[in-house]
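Visitor: Take this structure, written in structure tokens, and hold onto it; I'll ask about it next.
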Number of protein chains: 2
Amino acid sequence: MSAVAEAAGVSRATVSRVFHGSTPVAESTRDAVFAASERLGYVPNVMARVLAARTSDIIGLLLRGPTNPAYGLLFGELQENVSRLGLQMVVVAPSRAEGANFERQALNRLLGLRVGGMFVATGVIRADMLEPFLDKVPVVIIGRPESHPRIYSVSYDEDDNAYQLADAVAGQGHRGVAVVTPAGGNSATEHRRALAMTARLREHGVRVHPVAAPTFGAQEEGAREVIELHRAGHVTAAMFPADLRVLAFMPYLREAGLRTPEDLSVTGCDGILPGIDMIGFTTVRIPVEQAAQRAAEVMKTLLDGSTEIRHERLHGTLLPGRTLGPPPR
Amino acid sequence: MSAVAEAAGVSRATVSRVFHGSTPVAESTRDAVFAASERLGYVPNVMARVLAARTSDIIGLLLRGPTNPAYGLLFGELQENVSRLGLQMVVVAPSRAEGANFERQALNRLLGLRVGGMFVATGVIRADMLEPFLDKVPVVIIGRPESHPRIYSVSYDEDDNAYQLADAVAGQGHRGVAVVTPAGGNSATEHRRALAMTARLREHGVRVHPVAAPTFGAQEEGAREVIELHRAGHVTAAMFPADLRVLAFMPYLREAGLRTPEDLSVTGCDGILPGIDMIGFTTVRIPVEQAAQRAAEVMKTLLDGSTEIRHERLHGTLLPGRTLGPPPR
DNA sequence: CTGAAAGCGCTAACAA
DNA sequence: TTGTTAGCGCTTTCAG
């Protein structure tokens, strides 16, 4: 910076002003500074800037499982929206290699960077873990229903998603349906979806057979039970709380010599997977793009001093596919 | 920090030592410091630390298109490997909203953070753009063939991938094949794959019909031409340089009333998409996990002072699927 | 509109 | 093993 200042024949303070200053700078000086920094290849040191300014326009994203296409999409969309608003974004992902409280580690990594705001898109960090930082950093939780009175959240209306699917299944005339139901501790979202599906189906007078799917990460959990239920003539359709689960289920179906929807209808949820339309899943598409946009907008207002806290819920849209048909006669 | 120091009855330097110091600290003092910082909720300021130490163990990842599942997977795997080696990682993604040279912007964001090392996983940043920083920061390019004498790279052997697929297609007895060939400026990788496929097919004595696919992002580019070529009886198979392109092609195929592989065989490349096996694409699976592992290991040695530069190429494995069969008679 | 000077929170010799 | 003392590169009053 001193080099640039010297080359441009001004003080360091002026260089600073040219780059970020609120104070006006003479056109000529500005040009001189830009020219000099260009020539010298000057890249401002963000660390020093943040340290001195005690504030940062870098906002952090705590992202669970970038491997999951739904999170990948969220990342991409947030990035677009955030930079459209003139903010910067860096991302950290928790890693199991970081030990027991690995999500905590990732959170600290972000906090250590003294980000100016935080997006939290992970199921496991609990709201009260964030509490100590609320005074220092605006936080927006994305994708997970949250009702903390001091934390803004933008999430999906999972109940509505489930209802849409349940209505579609019931509407086809199915009277016995398997609902794969993951434990709450593993995926709050999937758990909730499954419960909502079950409730709605019952309202329709459908006989529901819940299938437990306790293990985290084992997407095929419950597959055999579903097949059994079908064999025994108890169900003509199976509802899964996530597309990836349907995907994992298909080989079992094929192995059992069954076809969908002729023998058994199946539905998923998410609608994000590229090619989902090709495979033809009946599913609900969650509005990731919209969530990203809202989250970015909200962050902006929060950074601008707003203190209004809301918990927004976005609606998904039913994606009719060929895996849902009427029950076999 | 001063607060902690005071509470623990030591100097700030000692607090610093307890947290990161190479110098030994008495057990008792260490405990006192930890106790105090726990009580006061002290989170070290990474910015200040980096500024003072002039070095950082945070390594940055410049990631193109997190929306693409292949990049998402790379992100996830890198994160695991990196933290297993005791390093931290932050990620930035270029955003088109950042204007013309948006990749440049993202690069600067990373440089501004004064990361201790950089992974570059994006097709567009040219090696010579990185040159000015090579002295300051070790750089590892991932996924893109690179031969810069000062930049380490870990990439996929795209020629070999293409050969495997071409051999499989030729082996089925196809004598006329369409190869969708994107322009080099858009995706160097896909361009290279297409050229290699073409060359290999020709070695097998196959008649190749290149189909230009100039537009970036329009995955369905070339679809109609392929259909035409088939209609005219020129080709019995179509090779695409990426799975996503195959995916985009399928609706056209269906619309034309054609089936695969009975009427037309198709192959892709990447093998990353969840459900790819279900769809049954014939493709090559690129070894993302292995690339991530190597990249992390290499980064570690580079940070430890190694200066050895190599350009590693990893082999993919053929994923036979049901979209490739013998030509119709 | 611009310069001087005082830090931001921390590390790294150098002494003790 | 610990404290003292300079900074790291930048921002921000406060005067001019």
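Residues are named by chain letter and number: chains run A, B, ... in the order of the structure tokens, numbers start at 1 in each chain, and ligands are numbered from 1 in the order shown.
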If we count only C-alpha atoms (C1' of nucleotides), what is near B:Pro261 at a cut-off of 6 Å, once residues fewer than 6 positions away on the same chain are taken out, given as a PyMOL selection string?
Guide: chain B and resi 323-325
Visitor: Determine, for each residue of chain B having at least one atom at most 9 Å from an atom of chain D, the closest pair of atoms and their separation in Å to one decimal, counting only C-alpha atoms (C1' of nucleotides); order by chain and ascending number, as CSV.
Guide:
```
residue,atom,partner,partner_atom,distance
B:Val10,CA,D:DT2,C1',8.4
B:Ser11,CA,D:DG3,C1',6.5
B:Arg12,CA,D:DG3,C1',8.9
B:Ala13,CA,D:DG3,C1',7.6
B:Thr14,CA,D:DT2,C1',7.1
B:Thr23,CA,D:DT1,C1',8.8
B:Pro24,CA,D:DT1,C1',7.3
B:Val25,CA,D:DT1,C1',6.3
B:Ala26,CA,D:DT1,C1',6.6
B:Ala48,CA,D:DC8,C1',8.4
B:Val50,CA,D:DC8,C1',8.4
B:Leu51,CA,D:DC8,C1',4.9
B:Ala52,CA,D:DC8,C1',4.4
B:Ala53,CA,D:DC8,C1',7.3
B:Arg54,CA,D:DC8,C1',6.8
```
Visitor: Might you pull out every residue within 9 Å of B:Gly271, with only C-alpha atoms (C1' of nucleotides) counted and same-chain residues fewer than 5 positions away left off, and present them as a PDB file with N, CA, C and O atoms, in the first residue's frame?
Guide:
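Everything below was put into around.pdb:
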```
ATOM      1  N   ALA B  70     -20.421 -32.899  -9.822  1.00  0.00           N
ATOM      2  CA  ALA B  70     -19.025 -33.317  -9.837  1.00  0.00           C
ATOM      3  C   ALA B  70     -18.178 -32.364  -9.003  1.00  0.00           C
ATOM      4  O   ALA B  70     -17.296 -32.775  -8.247  1.00  0.00           O
ATOM      5  N   ALA B 242     -20.066 -35.500 -21.797  1.00  0.00           N
ATOM      6  CA  ALA B 242     -20.457 -35.322 -20.397  1.00  0.00           C
ATOM      7  C   ALA B 242     -21.836 -35.935 -20.172  1.00  0.00           C
ATOM      8  O   ALA B 242     -22.696 -35.881 -21.058  1.00  0.00           O
ATOM      9  N   ASP B 243     -22.032 -36.490 -18.996  1.00  0.00           N
ATOM     10  CA  ASP B 243     -23.313 -37.112 -18.664  1.00  0.00           C
ATOM     11  C   ASP B 243     -24.462 -36.123 -18.752  1.00  0.00           C
ATOM     12  O   ASP B 243     -25.557 -36.454 -19.204  1.00  0.00           O
ATOM     13  N   ILE B 276     -27.006 -42.370 -11.582  1.00  0.00           N
ATOM     14  CA  ILE B 276     -26.502 -42.610 -12.923  1.00  0.00           C
ATOM     15  C   ILE B 276     -26.620 -44.102 -13.262  1.00  0.00           C
ATOM     16  O   ILE B 276     -26.919 -44.474 -14.393  1.00  0.00           O
ATOM     17  N   ASP B 277     -26.401 -44.901 -12.263  1.00  0.00           N
ATOM     18  CA  ASP B 277     -26.485 -46.345 -12.460  1.00  0.00           C
ATOM     19  C   ASP B 277     -27.918 -46.757 -12.755  1.00  0.00           C
ATOM     20  O   ASP B 277     -28.188 -47.644 -13.552  1.00  0.00           O
ATOM     21  N   PHE B 281     -26.720 -45.168 -17.793  1.00  0.00           N
ATOM     22  CA  PHE B 281     -25.792 -44.629 -18.782  1.00  0.00           C
ATOM     23  C   PHE B 281     -24.531 -45.466 -18.872  1.00  0.00           C
ATOM     24  O   PHE B 281     -23.985 -45.893 -17.864  1.00  0.00           O
ATOM     25  N   THR B 282     -24.058 -45.618 -20.082  1.00  0.00           N
ATOM     26  CA  THR B 282     -22.700 -46.107 -20.264  1.00  0.00           C
ATOM     27  C   THR B 282     -21.800 -44.891 -20.208  1.00  0.00           C
ATOM     28  O   THR B 282     -21.975 -43.931 -20.964  1.00  0.00           O
ATOM     29  N   THR B 283     -20.856 -44.899 -19.288  1.00  0.00           N
ATOM     30  CA  THR B 283     -20.062 -43.703 -19.056  1.00  0.00           C
ATOM     31  C   THR B 283     -18.736 -44.092 -18.416  1.00  0.00           C
ATOM     32  O   THR B 283     -18.486 -45.262 -18.164  1.00  0.00           O
ATOM     33  N   VAL B 284     -17.897 -43.112 -18.173  1.00  0.00           N
ATOM     34  CA  VAL B 284     -16.669 -43.365 -17.428  1.00  0.00           C
ATOM     35  C   VAL B 284     -16.759 -42.592 -16.128  1.00  0.00           C
ATOM     36  O   VAL B 284     -17.124 -41.421 -16.114  1.00  0.00           O
ATOM     37  N   ARG B 285     -16.439 -43.252 -15.034  1.00  0.00           N
ATOM     38  CA  ARG B 285     -16.482 -42.607 -13.729  1.00  0.00           C
ATOM     39  C   ARG B 285     -15.131 -41.967 -13.470  1.00  0.00           C
ATOM     40  O   ARG B 285     -14.110 -42.652 -13.425  1.00  0.00           O
ATOM     41  N   ILE B 286     -15.106 -40.644 -13.297  1.00  0.00           N
ATOM     42  CA  ILE B 286     -13.838 -40.004 -13.005  1.00  0.00           C
ATOM     43  C   ILE B 286     -13.546 -40.119 -11.515  1.00  0.00           C
ATOM     44  O   ILE B 286     -14.448 -40.035 -10.683  1.00  0.00           O
ATOM     45  N   LEU B 318     -14.458 -47.474 -16.636  1.00  0.00           N
ATOM     46  CA  LEU B 318     -15.640 -47.612 -17.481  1.00  0.00           C
ATOM     47  C   LEU B 318     -16.827 -48.138 -16.678  1.00  0.00           C
ATOM     48  O   LEU B 318     -16.693 -49.110 -15.940  1.00  0.00           O
ATOM     49  N   LEU B 319     -17.953 -47.456 -16.801  1.00  0.00           N
ATOM     50  CA  LEU B 319     -19.183 -47.912 -16.161  1.00  0.00           C
ATOM     51  C   LEU B 319     -20.114 -48.424 -17.257  1.00  0.00           C
ATOM     52  O   LEU B 319     -20.773 -47.637 -17.934  1.00  0.00           O
TER      53      LEU B 319
END
```
Visitor: When you get a sec, could you note down which chain B residues fall within 6 Å of chain A, using only C-alpha atoms, as a list of chain:residue names?
Guide: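 Close enough to count are B:Asn45, B:Val46, B:Met47, B:Pro66, B:Thr67, B:Pro69, B:Gly72, B:Leu73, B:Gly76, B:Glu80, B:Ser83, B:Arg84, B:Val90, B:Val91, B:Val92, B:Ser95, B:Ala97, B:Gly112, B:Leu113, B:Leu247, B:Gly275.
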Visitor: At what distance in Å, to one decimal, does atom CA of A:Val154 lie from atom CA of A:Glu312?
Guide: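 Atom CA of A:Val154 lies at a distance of 4.8 Å from atom CA of A:Glu312.
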Visitor: Let's see if you can do this: from backbone DSSP, list all strand (DSSP E) residues in stretch 67-96 of chain B, as a JSON list (two decimals) with N, CA and C atoms, in the first residue's frame.
Guide:
```
[["chain", "number", "residue", "atom", "x", "y", "z"],
["B", 88, "GLN", "N", -7.16, -26.03, 7.38],
["B", 88, "GLN", "CA", -8.50, -25.48, 7.26],
["B", 88, "GLN", "C", -8.76, -25.16, 5.79],
["B", 89, "MET", "N", -10.01, -25.05, 5.45],
["B", 89, "MET", "CA", -10.30, -24.69, 4.06],
["B", 89, "MET", "C", -11.49, -23.75, 3.99],
["B", 90, "VAL", "N", -11.37, -22.76, 3.14],
["B", 90, "VAL", "CA", -12.52, -21.93, 2.80],
["B", 90, "VAL", "C", -12.68, -21.94, 1.29],
["B", 91, "VAL", "N", -13.91, -21.74, 0.87],
["B", 91, "VAL", "CA", -14.21, -21.88, -0.54],
["B", 91, "VAL", "C", -14.82, -20.60, -1.08],
["B", 92, "VAL", "N", -14.44, -20.23, -2.26],
["B", 92, "VAL", "CA", -15.16, -19.16, -2.94],
["B", 92, "VAL", "C", -15.51, -19.64, -4.33]]
```
Visitor: Run DSSP on the backbone and grab whatever in stretch 153-295 of chain B lands in alpha helix (DSSP H); send it over as number ranges by chain.
Guide: B: 158-171, 188-203, 223-231, 243-255, 276-279, 288-295
